[in-house]
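Structure file my_file-v1.pdb; described as PDB, C-alpha atoms and all ligand atoms.
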```
ATOM      1  CA  MET J   1       8.326 -25.795 -16.082
ATOM      2  CA  ALA J   2      11.697 -24.721 -17.529
ATOM      3  CA  PHE J   3      10.330 -25.327 -21.053
ATOM      4  CA  THR J   4       7.245 -23.166 -20.346
ATOM      5  CA  VAL J   5       9.489 -20.384 -19.046
ATOM      6  CA  PHE J   6      11.615 -20.669 -22.194
ATOM      7  CA  ILE J   7       8.579 -20.416 -24.519
ATOM      8  CA  LEU J   8       7.080 -17.460 -22.632
ATOM      9  CA  GLN J   9      10.464 -15.729 -22.538
ATOM     10  CA  LEU J  10      10.665 -16.193 -26.301
ATOM     11  CA  ALA J  11       7.264 -14.513 -26.667
ATOM     12  CA  VAL J  12       8.442 -11.635 -24.465
ATOM     13  CA  ARG J  13      11.589 -11.286 -26.590
ATOM     14  CA  ILE J  14       9.522 -11.220 -29.803
ATOM     15  CA  LEU J  15       7.239  -8.516 -28.373
ATOM     16  CA  SER J  16      10.347  -6.562 -27.334
ATOM     17  CA  LEU J  17      11.915  -6.789 -30.788
ATOM     18  CA  PRO J  18      11.935  -3.010 -31.430
ATOM     19  CA  MET J  19      13.947  -2.516 -28.227
ATOM     20  CA  TYR J  20      16.354  -5.334 -29.178
ATOM     21  CA  LEU J  21      16.789  -3.723 -32.595
ATOM     22  CA  LEU J  22      17.577  -0.322 -31.086
ATOM     23  CA  ASN J  23      19.924  -2.073 -28.658
ATOM     24  CA  PHE J  24      21.671  -3.832 -31.553
ATOM     25  CA  LEU J  25      22.096  -0.453 -33.269
ATOM     26  CA  GLY J  26      23.634   0.932 -30.069
ATOM     27  CA  LEU J  27      20.789   3.441 -29.568
ATOM     28  CA  TRP J  28      18.800   1.808 -26.782
ATOM     29  CA  GLY J  29      21.422   2.387 -24.068
ATOM     30  CA  TRP J  30      21.450   6.117 -24.850
ATOM     31  CA  ILE J  31      17.626   6.396 -24.836
ATOM     32  CA  CYS J  32      17.348   4.361 -21.646
ATOM     33  CA  LYS J  33      19.988   6.358 -19.773
ATOM     34  CA  LYS J  34      18.113   9.581 -20.687
ATOM     35  CA  TRP J  35      14.676   8.194 -19.854
ATOM     36  CA  PHE J  36      15.493   6.282 -16.670
ATOM     37  CA  PRO J  37      16.019   9.257 -14.290
ATOM     38  CA  TYR J  38      12.571  10.668 -15.240
ATOM     39  CA  PHE J  39      10.991   7.294 -14.457
ATOM     40  CA  LEU J  40      12.987   6.799 -11.266
ATOM     41  CA  VAL J  41      12.117  10.168  -9.762
ATOM     42  CA  ARG J  42       8.410   9.173  -9.910
ATOM     43  CA  PHE J  43       8.983   5.547  -8.881
ATOM     44  CA  CYS J  44      10.963   6.687  -5.822
ATOM     45  CA  VAL J  45       8.046   8.730  -4.477
ATOM     46  CA  MET J  46       5.909   5.567  -4.474
ATOM     47  CA  TYR J  47       8.760   3.341  -3.234
ATOM     48  CA  ASN J  48       9.712   5.662  -0.369
ATOM     49  CA  LYS J  49       6.073   5.956   0.722
ATOM     50  CA  GLN J  50       5.658   2.176   0.842
ATOM     51  CA  MET J  51       9.132   1.474   2.263
ATOM     52  CA  ALA J  52       9.459   4.475   4.624
ATOM     53  CA  GLY J  53       9.205   2.268   7.730
ATOM     54  CA  LYS J  54      11.923  -0.139   6.580
ATOM     55  CA  LYS J  55      14.249   2.675   5.465
ATOM     56  CA  GLN J  56      13.792   4.566   8.747
ATOM     57  CA  GLU J  57      14.453   1.388  10.728
ATOM     58  CA  LEU J  58      17.573   0.519   8.728
ATOM     59  CA  PHE J  59      19.103   3.979   8.536
ATOM     60  CA  SER J  60      18.373   4.843  12.186
ATOM     61  CA  ASN J  61      21.721   3.365  13.251
ATOM     62  CA  LEU J  62      23.891   5.022  10.568
ATOM     63  CA  GLN J  63      25.220   7.505  13.108
ATOM     64  CA  ASP J  64      26.613   4.625  15.244
ATOM     65  CA  PHE J  65      29.337   4.273  12.608
ATOM     66  CA  ALA J  66      30.536   7.886  12.730
ATOM     67  CA  GLY J  67      34.263   8.372  13.324
ATOM     68  CA  PRO J  68      35.819  10.080  16.384
ATOM     69  CA  SER J  69      34.859  13.579  15.085
ATOM     70  CA  GLY J  70      31.177  12.550  15.335
ATOM     71  CA  LYS J  71      30.652  13.453  11.668
ATOM     72  CA  LEU J  72      29.537  10.593   9.484
ATOM     73  CA  SER J  73      31.294  10.219   6.140
ATOM     74  CA  LEU J  74      28.934   8.397   3.765
ATOM     75  CA  LEU J  75      29.364   7.161   0.204
ATOM     76  CA  GLU J  76      26.216   6.283  -1.747
ATOM     77  CA  VAL J  77      26.842   3.948  -4.675
ATOM     78  CA  GLY J  78      24.245   4.046  -7.473
ATOM     79  CA  CYS J  79      22.720   7.127  -5.860
ATOM     80  CA  GLY J  80      20.232   7.770  -8.689
ATOM     81  CA  THR J  81      18.124  10.820  -7.815
ATOM     82  CA  GLY J  82      19.287  11.029  -4.180
ATOM     83  CA  THR J  83      16.087   9.564  -2.813
ATOM     84  CA  ASN J  84      17.761   8.343   0.404
ATOM     85  CA  PHE J  85      19.121  11.737   1.489
ATOM     86  CA  LYS J  86      16.237  12.531   3.835
ATOM     87  CA  PHE J  87      17.073   9.431   5.898
ATOM     88  CA  TYR J  88      20.670  10.508   6.586
ATOM     89  CA  PRO J  89      21.612  12.171   9.906
ATOM     90  CA  PRO J  90      22.279  15.938  10.135
ATOM     91  CA  GLY J  91      25.816  16.988   9.260
ATOM     92  CA  CYS J  92      26.492  13.768   7.354
ATOM     93  CA  ARG J  93      29.170  14.269   4.649
ATOM     94  CA  VAL J  94      27.823  12.656   1.468
ATOM     95  CA  THR J  95      29.697  11.558  -1.653
ATOM     96  CA  CYS J  96      27.672  10.101  -4.516
ATOM     97  CA  VAL J  97      28.652   7.653  -7.238
ATOM     98  CA  ASP J  98      26.576   6.729 -10.282
ATOM     99  CA  PRO J  99      27.612   5.742 -13.818
ATOM    100  CA  ASN J 100      24.671   7.641 -15.366
ATOM    101  CA  PRO J 101      25.520  11.370 -15.651
ATOM    102  CA  ASN J 102      21.876  12.175 -16.481
ATOM    103  CA  PHE J 103      21.044  11.856 -12.778
ATOM    104  CA  GLU J 104      23.044  14.992 -11.954
ATOM    105  CA  LYS J 105      20.193  17.523 -12.233
ATOM    106  CA  PHE J 106      17.865  15.341 -10.121
ATOM    107  CA  LEU J 107      20.606  14.766  -7.594
ATOM    108  CA  PHE J 108      21.308  18.485  -7.218
ATOM    109  CA  LYS J 109      17.587  19.114  -6.662
ATOM    110  CA  SER J 110      17.633  16.536  -3.828
ATOM    111  CA  ILE J 111      20.760  18.170  -2.393
ATOM    112  CA  ALA J 112      19.003  21.559  -2.390
ATOM    113  CA  GLU J 113      16.043  19.980  -0.569
ATOM    114  CA  ASN J 114      18.256  18.343   2.079
ATOM    115  CA  ARG J 115      20.156  21.198   3.680
ATOM    116  CA  HIS J 116      20.873  19.075   6.768
ATOM    117  CA  LEU J 117      23.586  17.249   4.779
ATOM    118  CA  GLN J 118      27.058  18.335   3.760
ATOM    119  CA  PHE J 119      27.380  17.351   0.118
ATOM    120  CA  GLU J 120      30.947  16.618  -1.019
ATOM    121  CA  ARG J 121      30.944  15.446  -4.661
ATOM    122  CA  PHE J 122      29.217  13.483  -7.404
ATOM    123  CA  LEU J 123      31.453  10.978  -9.205
ATOM    124  CA  VAL J 124      30.298   9.584 -12.527
ATOM    125  CA  ALA J 125      31.647   6.062 -12.085
ATOM    126  CA  ALA J 126      30.603   2.448 -11.730
ATOM    127  CA  GLY J 127      30.686   0.860  -8.293
ATOM    128  CA  GLU J 128      33.106  -1.730  -9.661
ATOM    129  CA  ASN J 129      35.784   0.952 -10.091
ATOM    130  CA  MET J 130      35.705   3.828  -7.607
ATOM    131  CA  HIS J 131      39.423   4.627  -7.852
ATOM    132  CA  GLN J 132      38.680   8.331  -7.081
ATOM    133  CA  VAL J 133      37.743   7.266  -3.525
ATOM    134  CA  ALA J 134      40.730   6.555  -1.248
ATOM    135  CA  ASP J 135      41.204   3.284   0.648
ATOM    136  CA  SER J 136      39.600   3.128   4.136
ATOM    137  CA  SER J 137      38.254   6.674   3.747
ATOM    138  CA  VAL J 138      34.513   6.374   4.512
ATOM    139  CA  ASP J 139      32.489   5.326   7.573
ATOM    140  CA  VAL J 140      29.484   4.037   5.689
ATOM    141  CA  VAL J 141      28.572   2.931   2.159
ATOM    142  CA  VAL J 142      24.893   2.847   1.163
ATOM    143  CA  CYS J 143      23.435   0.956  -1.762
ATOM    144  CA  THR J 144      19.706   0.631  -2.479
ATOM    145  CA  LEU J 145      18.278  -1.190  -5.513
ATOM    146  CA  VAL J 146      21.700  -1.313  -7.166
ATOM    147  CA  LEU J 147      23.042  -4.876  -6.864
ATOM    148  CA  CYS J 148      20.304  -5.886  -9.324
ATOM    149  CA  SER J 149      21.968  -3.742 -12.003
ATOM    150  CA  VAL J 150      25.731  -3.813 -11.477
ATOM    151  CA  GLU J 151      27.728  -5.841 -13.979
ATOM    152  CA  ASN J 152      29.915  -7.522 -11.378
ATOM    153  CA  GLN J 153      28.582  -7.776  -7.827
ATOM    154  CA  GLU J 154      31.758  -9.394  -6.447
ATOM    155  CA  GLN J 155      33.966  -6.611  -7.821
ATOM    156  CA  MET J 156      31.627  -3.923  -6.515
ATOM    157  CA  LEU J 157      31.599  -5.433  -3.032
ATOM    158  CA  ARG J 158      35.410  -5.644  -3.134
ATOM    159  CA  GLU J 159      35.465  -1.908  -3.904
ATOM    160  CA  VAL J 160      33.025  -1.255  -1.041
ATOM    161  CA  CYS J 161      35.356  -3.121   1.355
ATOM    162  CA  ARG J 162      38.361  -1.201   0.023
ATOM    163  CA  VAL J 163      36.860   2.283   0.614
ATOM    164  CA  LEU J 164      35.327   1.471   4.019
ATOM    165  CA  ARG J 165      37.448   2.150   7.094
ATOM    166  CA  PRO J 166      37.931  -0.863   9.393
ATOM    167  CA  GLY J 167      34.757  -1.102  11.482
ATOM    168  CA  GLY J 168      32.780   0.850   8.861
ATOM    169  CA  ALA J 169      29.500  -0.517   7.493
ATOM    170  CA  PHE J 170      27.752  -1.254   4.223
ATOM    171  CA  PHE J 171      23.963  -0.634   4.324
ATOM    172  CA  PHE J 172      21.777  -2.180   1.645
ATOM    173  CA  ILE J 173      18.168  -2.645   0.519
ATOM    174  CA  GLU J 174      17.853  -4.787  -2.613
ATOM    175  CA  HIS J 175      15.081  -6.486  -4.520
ATOM    176  CA  VAL J 176      15.949 -10.115  -5.284
ATOM    177  CA  ALA J 177      14.689 -13.375  -6.778
ATOM    178  CA  ASP J 178      11.678 -14.923  -5.055
ATOM    179  CA  LYS J 179      11.712 -18.541  -3.764
ATOM    180  CA  HIS J 180      12.030 -20.911  -6.736
ATOM    181  CA  SER J 181       8.797 -22.695  -5.802
ATOM    182  CA  THR J 182       6.644 -19.546  -6.235
ATOM    183  CA  TRP J 183       4.605 -18.241  -9.171
ATOM    184  CA  ASN J 184       6.295 -14.898  -8.613
ATOM    185  CA  TYR J 185       9.692 -16.447  -9.458
ATOM    186  CA  PHE J 186       8.117 -18.014 -12.546
ATOM    187  CA  TRP J 187       6.937 -14.562 -13.759
ATOM    188  CA  GLN J 188      10.204 -12.917 -12.717
ATOM    189  CA  GLN J 189      11.992 -15.286 -15.118
ATOM    190  CA  VAL J 190       9.463 -14.777 -17.924
ATOM    191  CA  VAL J 191       9.465 -10.974 -17.794
ATOM    192  CA  GLU J 192      13.197 -10.514 -17.135
ATOM    193  CA  PRO J 193      14.438 -10.135 -20.760
ATOM    194  CA  ALA J 194      12.155  -7.126 -21.392
ATOM    195  CA  TRP J 195      12.498  -5.784 -17.848
ATOM    196  CA  TYR J 196      16.290  -5.723 -18.246
ATOM    197  CA  LEU J 197      16.020  -3.514 -21.328
ATOM    198  CA  VAL J 198      13.285  -1.193 -20.040
ATOM    199  CA  PHE J 199      14.817  -0.662 -16.591
ATOM    200  CA  ASP J 200      18.396   0.055 -17.572
ATOM    201  CA  GLY J 201      20.032  -3.317 -16.980
ATOM    202  CA  CYS J 202      18.040  -4.454 -13.927
ATOM    203  CA  TYR J 203      17.752  -8.228 -13.281
ATOM    204  CA  LEU J 204      14.727  -9.584 -11.407
ATOM    205  CA  THR J 205      16.171 -12.990 -10.535
ATOM    206  CA  ARG J 206      19.461 -12.120  -8.864
ATOM    207  CA  GLU J 207      20.161 -13.848  -5.568
ATOM    208  CA  SER J 208      22.203 -10.916  -4.318
ATOM    209  CA  TRP J 209      22.329 -12.213  -0.734
ATOM    210  CA  LYS J 210      24.773 -14.882  -1.942
ATOM    211  CA  ALA J 211      27.302 -12.268  -3.092
ATOM    212  CA  LEU J 212      26.865 -10.454   0.236
ATOM    213  CA  GLU J 213      27.480 -13.691   2.151
ATOM    214  CA  ARG J 214      30.612 -14.399   0.076
ATOM    215  CA  ALA J 215      32.077 -10.883   0.452
ATOM    216  CA  SER J 216      34.799 -10.388   3.034
ATOM    217  CA  PHE J 217      32.795  -8.577   5.722
ATOM    218  CA  SER J 218      33.415  -9.518   9.359
ATOM    219  CA  LYS J 219      29.681  -9.401  10.232
ATOM    220  CA  LEU J 220      26.535  -9.564   8.103
ATOM    221  CA  LYS J 221      23.040  -8.751   9.353
ATOM    222  CA  LEU J 222      20.626  -9.605   6.535
ATOM    223  CA  GLN J 223      16.867 -10.128   6.478
ATOM    224  CA  HIS J 224      14.657 -11.514   3.717
ATOM    225  CA  ILE J 225      11.263  -9.802   3.453
ATOM    226  CA  GLN J 226       8.315  -9.433   1.125
ATOM    227  CA  ALA J 227       8.350  -5.653   0.816
ATOM    228  CA  PRO J 228       4.974  -3.896   1.090
ATOM    229  CA  LEU J 229       5.076  -2.790  -2.567
ATOM    230  CA  SER J 230       2.350  -2.684  -5.191
ATOM    231  CA  TRP J 231       4.804  -4.007  -7.834
ATOM    232  CA  VAL J 232       4.622  -7.731  -7.009
ATOM    233  CA  LEU J 233       7.678  -8.719  -9.091
ATOM    234  CA  VAL J 234      10.002  -6.648  -6.900
ATOM    235  CA  ARG J 235       8.461  -7.507  -3.535
ATOM    236  CA  PRO J 236      11.133 -10.031  -2.464
ATOM    237  CA  HIS J 237      13.836  -7.958  -0.801
ATOM    238  CA  VAL J 238      16.920  -8.346   1.331
ATOM    239  CA  TYR J 239      18.007  -5.546   3.614
ATOM    240  CA  GLY J 240      20.469  -5.007   6.404
ATOM    241  CA  TYR J 241      24.085  -4.068   6.920
ATOM    242  CA  ALA J 242      27.534  -5.594   6.882
ATOM    243  CA  VAL J 243      30.545  -4.510   8.906
ATOM    244  CA  LYS J 244      34.088  -4.491   7.497
TER     245      LYS J 244
HETATM  246  C1  LIG R   1      17.001   1.306  -9.577
HETATM  247  S1  LIG R   1      18.168   2.562  -9.538
HETATM  248  C2  LIG R   1      18.281   2.890  -7.810
HETATM  249  C3  LIG R   1      18.717   4.294  -7.497
HETATM  250  C4  LIG R   1      18.740   4.655  -6.015
HETATM  251  N1  LIG R   1      19.777   3.938  -5.328
HETATM  252  C5  LIG R   1      17.404   4.425  -5.390
HETATM  253  O1  LIG R   1      17.302   3.655  -4.424
HETATM  254  O2  LIG R   1      16.428   5.036  -5.855
HETATM  255  C6  LIG R   1      19.699   1.750  -9.913
HETATM  256  C7  LIG R   1      20.854   2.712  -9.894
HETATM  257  O3  LIG R   1      22.076   1.959 -10.011
HETATM  258  C8  LIG R   1      22.900   2.649 -10.903
HETATM  259  N2  LIG R   1      23.890   1.694 -11.438
HETATM  260  C9  LIG R   1      23.771   0.853 -12.489
HETATM  261  N3  LIG R   1      24.903   0.163 -12.675
HETATM  262  C10 LIG R   1      25.754   0.570 -11.701
HETATM  263  C11 LIG R   1      27.095   0.238 -11.363
HETATM  264  N4  LIG R   1      27.786  -0.667 -12.060
HETATM  265  N5  LIG R   1      27.658   0.867 -10.320
HETATM  266  C12 LIG R   1      26.967   1.781  -9.606
HETATM  267  N6  LIG R   1      25.701   2.140  -9.874
HETATM  268  C13 LIG R   1      25.110   1.535 -10.908
HETATM  269  C14 LIG R   1      21.952   3.223 -11.939
HETATM  270  O4  LIG R   1      22.529   4.241 -12.719
HETATM  271  C15 LIG R   1      20.833   3.710 -11.041
HETATM  272  O5  LIG R   1      21.086   4.964 -10.535
END
```
Mind turning this structure into structure tokens?
Amino acid sequence: MAFTVFILQLAVRILSLPMYLLNFLGLWGWICKKWFPYFLVRFCVMYNKQMAGKKQELFSNLQDFAGPSGKLSLLEVGCGTGTNFKFYPPGCRVTCVDPNPNFEKFLFKSIAENRHLQFERFLVAAGENMHQVADSSVDVVVCTLVLCSVENQEQMLREVCRVLRPGGAFFFIEHVADKHSTWNYFWQQVVEPAWYLVFDGCYLTRESWKALERASFSKLKLQHIQAPLSWVLVRPHVYGYAVK
């Protein structure tokens, strides 16, 4: 099986040669970072429709983590277009982090459409280094469909723990690798080299739950599901929350 995957991956790489060439010339990253927000804004409409139930269920207990003032201070890492804003409770103070500055105009549109939130700032930064955010300064960190793309999951989760106040929580929804015995995992492996280039550094076969289990949270509530999505390759998901 591993040999078949290797051969099919090779075919995928050959078909993706123009992208590899542009990547080699240092142009692909620029094109992808420009293109990706336009794709994501459309993808999110479909994703939120199909995942609305799961998101509502997960985010319904965000407010439980508000500090003594009752106002929830929330940091969203890899915020993209701000597609999660409508799920946040009224009065929630939101700070956003994303390394791609091209999301800014989409993010500001979402902010304008979500007047129930108190927007604080947009930081152009990677989750692995959020030095602009003080230690123990936020009640909640949210991350959806981001652990598949970050360069260093362990470092990002260390940063999440650093910025969370004691007792604060990290909420996540992530697509992950399917069970190794499935055809879906087979195709995830085959398609991954092209997928990674097209979707701005996203891996299909990450077992992100392992990094979450290793991180230094005091409690982890994590569920594996097959998400009700039309894109079969990204159906395997983990979602839940972890408490610092
Ligand atoms: C698939 S999008 C998801 C966006 C949004 N969270 C959502 O659910 O629609 C992945 C996001 O992660 C961001 N990202 C990639 N690498 C990152 C990193 N190292 N730290 C933080 N965000 C990152 C991308 O710029 C992009 O906005």
Given 7 Å and all atoms listed in the file, residues near ligand LIG 1 (chain R) as a ChimeraX atom specification: /J:40,44,77-84,97-100,125-128,143-146,149-151
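What the PyMOL selection byres (((chain J and resi 157) around 9) and not hetatm) grabs from this file is Gly127, Glu128, Asn152, Gln153, Glu154, Gln155, Met156, Arg158, Glu159, Val160, Cys161, Arg162, Ala211, Leu212, Ala215 and Ser216 of chain J.
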Using all atoms listed in the file, determine which residues lie at most 8 Å from Val94 (chain J), disregarding the query and same-chain residues fewer than 2 positions distant; provide the list as a tab-separated table (two decimals) with C-alpha atoms, in the frame of the given file.
```
chain	number	residue	atom	x	y	z
J	73	SER	CA	31.29	10.22	6.14
J	74	LEU	CA	28.93	8.40	3.76
J	75	LEU	CA	29.36	7.16	0.20
J	76	GLU	CA	26.22	6.28	-1.75
J	92	CYS	CA	26.49	13.77	7.35
J	96	CYS	CA	27.67	10.10	-4.52
J	117	LEU	CA	23.59	17.25	4.78
J	118	GLN	CA	27.06	18.34	3.76
J	119	PHE	CA	27.38	17.35	0.12
J	120	GLU	CA	30.95	16.62	-1.02
J	121	ARG	CA	30.94	15.45	-4.66
```
Residues near Lys55 (chain J), cut-off 9 Å, all atoms listed in the file, skip fewer than 4 positions along chain, as a PyMOL selection string: chain J and resi 48+51+59-60+84+87+173
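Residue nearest Lys244 (chain J), chosen from J:Trp30, J:Phe199, J:Trp231, J:Phe171 and counting only C-alpha atoms: J:Phe171.
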Report as a ChimeraX atom specification the full result of the PyMOL selection byres (((chain J and resi 39) around 12) and not hetatm) when it is applied to this structure. /J:32-38,40-46,80-81,103,106,198-200
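Around Glu174 (chain J), within 10 Å and counting all atoms listed in the file, the residues found are Cys143, Thr144, Leu145, Val146, Leu147, Cys148, Arg206, Glu207, Ser208, Trp209, His224, Val234, Arg235, Pro236, His237, Val238, Tyr239 and Gly240 of chain J, once anything fewer than 4 positions away on its own chain is removed.
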Determine the residue set returned by the PyMOL selection byres (((chain J and resi 12) around 8) and not hetatm) for the present structure, and present it as a short mmCIF file (atom, residue, chain, number, x, y, z; two decimals) with C-alpha atoms, keeping the file's coordinate frame.
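What ended up in expr.cif:
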```cif
data_model
loop_
_atom_site.label_atom_id
_atom_site.label_comp_id
_atom_site.auth_asym_id
_atom_site.auth_seq_id
_atom_site.Cartn_x
_atom_site.Cartn_y
_atom_site.Cartn_z
CA LEU J 8 7.08 -17.46 -22.63
CA GLN J 9 10.46 -15.73 -22.54
CA LEU J 10 10.66 -16.19 -26.30
CA ALA J 11 7.26 -14.51 -26.67
CA ARG J 13 11.59 -11.29 -26.59
CA ILE J 14 9.52 -11.22 -29.80
CA LEU J 15 7.24 -8.52 -28.37
CA SER J 16 10.35 -6.56 -27.33
CA VAL J 190 9.46 -14.78 -17.92
CA VAL J 191 9.46 -10.97 -17.79
CA PRO J 193 14.44 -10.14 -20.76
CA ALA J 194 12.16 -7.13 -21.39
#
```
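Remark: for Phe170 (chain J), the closest of the candidate residues J:Val232, J:Leu17, J:Val142, J:Leu204 is J:Val142 (distances computed over only C-alpha atoms).
Atom pair CA of Ile7 (chain J) / CA of Tyr185 (chain J): separated by 15.6 Å.
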J:Pro90, J:Leu233, J:Phe65, J:Ser110 ranked by distance to Asn184 (chain J), top pick (using all atoms listed in the file): J:Leu233
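Taking all atoms listed in the file into account, Phe85 (chain J) lies nearest to J:Gln56 out of the set J:Thr182, J:Gln50, J:Gln56, J:Asn61.
Residue nearest Arg115 (chain J), chosen from J:Tyr196, J:Pro89, J:Pro101, J:Val140 and counting all atoms listed in the file: J:Pro89.
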From the list J:Ala177, J:Leu222, J:Gly168, J:Leu197, the nearest residue to Asp64 (chain J) using only C-alpha atoms is J:Gly168
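Atom to atom, CA of Val176 (chain J) and CA of Thr205 (chain J) stand 6.0 Å apart.
The gap separating CA of Leu72 (chain J) from CA of Arg93 (chain J) is 6.1 Å, in Å to one decimal.
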Quick one: residues within 8 Å of (2.4, -19.8, -15.5) (file frame), counting only C-alpha atoms, please, as an MDAnalysis selection string. chainID J and resid 4:5 183 186:187
Only C-alpha atoms, please: the residues just picked out, written as a compact mmCIF listing (two decimals), in the coordinates of the input.
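That gives us selection-v5.txt:
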```txt
# COMPACT_ATOMS: atom_id res chain seq x y z
CA THR J 4 7.24 -23.17 -20.35
CA VAL J 5 9.49 -20.38 -19.05
CA TRP J 183 4.61 -18.24 -9.17
CA PHE J 186 8.12 -18.01 -12.55
CA TRP J 187 6.94 -14.56 -13.76
```
